[in-house]
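Heads up, the thing below is written out as structure tokens.
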Amino acid sequence: MFRNKSAWFSSSVPQEWNKFWVLEGGTIAGWRTADYLFSEDATCPDTLRIFGSKDYLWNKVVVFHYLFLSACEKRQSVKSVCIGHFVLPPAPVQDEVRNVVGRFIWESVAQDSHKSLSCQTEDEYSEGEISRRYISMDKLQKYSGDLCDFHPGFVRCSNCKAHCCLPPT
């Protein structure tokens with residue numbers, strides 16, 4: 001599953017996941033050279049060092065929650081799991097995100113272990129979850145006009161009738 005891929009594991013990750021990675025063809029590497037960085041705890045000193053690094057600040061590395069590996073194991077596939085759901089931001093960012101969206105996917109699954117960590121279909125969500133997360137394509141209005149690019153500054157806001165413009169960058 002992880003052939004020709006390398007990973008770094010924080011000391012916060014249970015050792016069994018390092019072994020799983022290697023059993024599935026992956027190799028262990030230092031965090032600066034690894035393809036994937038995994039941690040369980042954004043406040044772990046080794047993870048904090050990454051969050052404080054220039055590589056992290058310049059968006060050259062991303063830390064993922066190790067439960068991504070659990071999802072891959074359950075699905076027996078890497079490609080069927082949305083890795084973006086497992087981005088592990090620094091603890092202060094996590095607090096801000098929780099204020100907006102509630103729980104992270106790995107927190108939801110940790111509390112409700114019978115749900116899958118992978119990208120779920122509509123059938124796998126309760127009706128309430130669907131209404132909070134996604135709109136079905138069947139419920140979208142059909143649009144038959146010409147499609148064109150949106151250019152800030154050229155369109156009037158329908159609410160305030162002012163030009164919606166952003167300063168040029």
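Chain identifiers are assigned as A, B, and so on, following the order in which chains appear in the structure tokens; residues are numbered from 1 within each chain, and ligands are numbered from 1 in order of appearance.
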
Name all residues at most 7 Å from A:Phe64 (count only C-alpha atoms; drop same-chain ones fewer than 3 positions away) and give them as a PyMOL selection string.
chain A and resi 37-39+86-88

Which residues are close to A:Gly30, i.e. within 12 Å by only C-alpha atoms, leaving aside same-chain residues fewer than 6 positions away? Reply as a PyMOL selection string.
chain A and resi 6-10+36-38+46+50

Got time to write the residues from that selection, all heavy atoms, as an mmCIF file, in the first residue's frame?
```
data_model
loop_
_atom_site.group_PDB
_atom_site.id
_atom_site.type_symbol
_atom_site.label_atom_id
_atom_site.label_comp_id
_atom_site.auth_asym_id
_atom_site.auth_seq_id
_atom_site.Cartn_x
_atom_site.Cartn_y
_atom_site.Cartn_z
ATOM 1 N N SER A 6 7.840 7.186 1.990
ATOM 2 C CA SER A 6 8.507 7.245 3.293
ATOM 3 C C SER A 6 7.658 8.066 4.258
ATOM 4 O O SER A 6 6.874 8.917 3.843
ATOM 5 C CB SER A 6 9.899 7.861 3.144
ATOM 6 O OG SER A 6 9.797 9.183 2.650
ATOM 7 N N ALA A 7 7.835 7.774 5.540
ATOM 8 C CA ALA A 7 7.061 8.480 6.566
ATOM 9 C C ALA A 7 7.917 8.754 7.790
ATOM 10 O O ALA A 7 8.851 8.010 8.105
ATOM 11 C CB ALA A 7 5.837 7.668 6.966
ATOM 12 N N TRP A 8 7.575 9.830 8.460
ATOM 13 C CA TRP A 8 8.117 10.159 9.769
ATOM 14 C C TRP A 8 6.981 9.990 10.757
ATOM 15 O O TRP A 8 5.830 10.361 10.465
ATOM 16 C CB TRP A 8 8.617 11.603 9.794
ATOM 17 C CG TRP A 8 8.956 12.095 11.168
ATOM 18 C CD1 TRP A 8 10.142 11.945 11.832
ATOM 19 C CD2 TRP A 8 8.095 12.823 12.055
ATOM 20 N NE1 TRP A 8 10.067 12.526 13.076
ATOM 21 C CE2 TRP A 8 8.819 13.067 13.236
ATOM 22 C CE3 TRP A 8 6.784 13.266 11.970
ATOM 23 C CZ2 TRP A 8 8.273 13.758 14.319
ATOM 24 C CZ3 TRP A 8 6.240 13.946 13.053
ATOM 25 C CH2 TRP A 8 6.978 14.194 14.207
ATOM 26 N N PHE A 9 7.274 9.433 11.919
ATOM 27 C CA PHE A 9 6.262 9.237 12.951
ATOM 28 C C PHE A 9 6.676 9.956 14.225
ATOM 29 O O PHE A 9 7.788 9.761 14.728
ATOM 30 C CB PHE A 9 6.074 7.745 13.250
ATOM 31 C CG PHE A 9 5.409 7.000 12.133
ATOM 32 C CD1 PHE A 9 6.163 6.445 11.109
ATOM 33 C CD2 PHE A 9 4.035 6.860 12.095
ATOM 34 C CE1 PHE A 9 5.559 5.764 10.066
ATOM 35 C CE2 PHE A 9 3.415 6.182 11.056
ATOM 36 C CZ PHE A 9 4.182 5.634 10.044
ATOM 37 N N SER A 10 5.780 10.768 14.733
ATOM 38 C CA SER A 10 5.982 11.425 16.011
ATOM 39 C C SER A 10 6.038 10.366 17.107
ATOM 40 O O SER A 10 5.484 9.275 16.977
ATOM 41 C CB SER A 10 4.802 12.370 16.283
ATOM 42 O OG SER A 10 4.770 12.762 17.637
ATOM 43 N N TYR A 36 5.482 11.629 4.073
ATOM 44 C CA TYR A 36 4.344 11.849 4.970
ATOM 45 C C TYR A 36 4.846 12.036 6.391
ATOM 46 O O TYR A 36 5.791 11.363 6.811
ATOM 47 C CB TYR A 36 3.386 10.645 4.958
ATOM 48 C CG TYR A 36 2.739 10.396 3.629
ATOM 49 C CD1 TYR A 36 3.317 9.530 2.699
ATOM 50 C CD2 TYR A 36 1.545 11.025 3.293
ATOM 51 C CE1 TYR A 36 2.716 9.294 1.476
ATOM 52 C CE2 TYR A 36 0.948 10.800 2.066
ATOM 53 C CZ TYR A 36 1.540 9.930 1.163
ATOM 54 O OH TYR A 36 0.943 9.712 -0.049
ATOM 55 N N LEU A 37 4.206 12.946 7.127
ATOM 56 C CA LEU A 37 4.504 13.164 8.539
ATOM 57 C C LEU A 37 3.251 12.839 9.340
ATOM 58 O O LEU A 37 2.183 13.382 9.049
ATOM 59 C CB LEU A 37 4.904 14.617 8.793
ATOM 60 C CG LEU A 37 5.994 15.215 7.893
ATOM 61 C CD1 LEU A 37 6.232 16.671 8.251
ATOM 62 C CD2 LEU A 37 7.271 14.417 7.974
ATOM 63 N N PHE A 38 3.385 11.949 10.333
ATOM 64 C CA PHE A 38 2.240 11.535 11.129
ATOM 65 C C PHE A 38 2.453 11.843 12.598
ATOM 66 O O PHE A 38 3.535 11.613 13.144
ATOM 67 C CB PHE A 38 1.979 10.025 10.975
ATOM 68 C CG PHE A 38 1.580 9.625 9.594
ATOM 69 C CD1 PHE A 38 2.462 8.960 8.761
ATOM 70 C CD2 PHE A 38 0.303 9.924 9.119
ATOM 71 C CE1 PHE A 38 2.092 8.586 7.479
ATOM 72 C CE2 PHE A 38 -0.079 9.560 7.827
ATOM 73 C CZ PHE A 38 0.816 8.885 7.013
ATOM 74 N N ASP A 46 8.086 16.870 19.564
ATOM 75 C CA ASP A 46 8.640 16.665 18.220
ATOM 76 C C ASP A 46 7.735 17.259 17.145
ATOM 77 O O ASP A 46 8.202 17.789 16.143
ATOM 78 C CB ASP A 46 8.972 15.195 17.943
ATOM 79 C CG ASP A 46 7.809 14.233 18.121
ATOM 80 O OD1 ASP A 46 6.644 14.681 18.248
ATOM 81 O OD2 ASP A 46 8.054 13.011 18.135
ATOM 82 N N ILE A 50 8.261 20.738 14.386
ATOM 83 C CA ILE A 50 7.903 20.836 12.964
ATOM 84 C C ILE A 50 7.040 22.069 12.732
ATOM 85 O O ILE A 50 7.270 22.829 11.794
ATOM 86 C CB ILE A 50 7.193 19.557 12.492
ATOM 87 C CG1 ILE A 50 8.179 18.393 12.508
ATOM 88 C CG2 ILE A 50 6.599 19.751 11.087
ATOM 89 C CD1 ILE A 50 7.558 17.042 12.265
#
```

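Backbone DSSP over stretch 41-118 of chain A yields strand (DSSP E or B) at A:Val63, A:Phe64, A:His65, A:Val87.
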
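Residue neighbourhood of A:Leu67, excluding near-sequence residues (fewer than 4 positions): Val13, Trp17, Phe38, Ser39, Glu40, Ala71, Cys72, Glu73, Ile83, Phe86, Ile105, Trp106, Glu107, Val109, Ala110 and Leu117 of chain A, at 10 Å, using only C-alpha atoms.
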
Can you list, as a list in words, every protein, DNA or RNA residue that comes within 8 Å of A:Phe51 when you count only C-alpha atoms, leaving out same-chain residues fewer than 5 positions away?
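Those residues are Tyr56, Leu57 and Pro90 of chain A.
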
Would you output that residue set with N, CA and C atoms, as a compact mmCIF listing (two decimals), in the first residue's frame?
```
# COMPACT_ATOMS: atom_id res chain seq x y z
N TYR A 56 7.56 24.27 7.66
CA TYR A 56 6.12 24.29 7.94
C TYR A 56 5.56 25.68 7.64
N LEU A 57 6.24 26.70 8.10
CA LEU A 57 5.75 28.07 7.90
C LEU A 57 5.68 28.44 6.42
N PRO A 90 -1.65 22.93 14.11
CA PRO A 90 -1.22 23.25 15.48
C PRO A 90 -2.43 23.39 16.41
```

Do you have the atom CA of A:Thr33-atom CA of A:Val61 distance handy?
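These atoms are spaced 9.8 Å apart.
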
Show me, as number ranges by chain, the residues that have an atom within 7 Å of A:Phe2 when counting only C-alpha atoms, minus same-chain residues fewer than 4 positions from it.
A: 21, 24-26

Between atom CA of A:Phe104 and atom CA of A:Met1, what is the distance, to one decimal in Å?
24.9 Å

How many Å separate atom CA of A:Gly84 from atom CA of A:Gly52?
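Straight-line distance from atom CA of A:Gly84 to atom CA of A:Gly52 works out to 21.0 Å.
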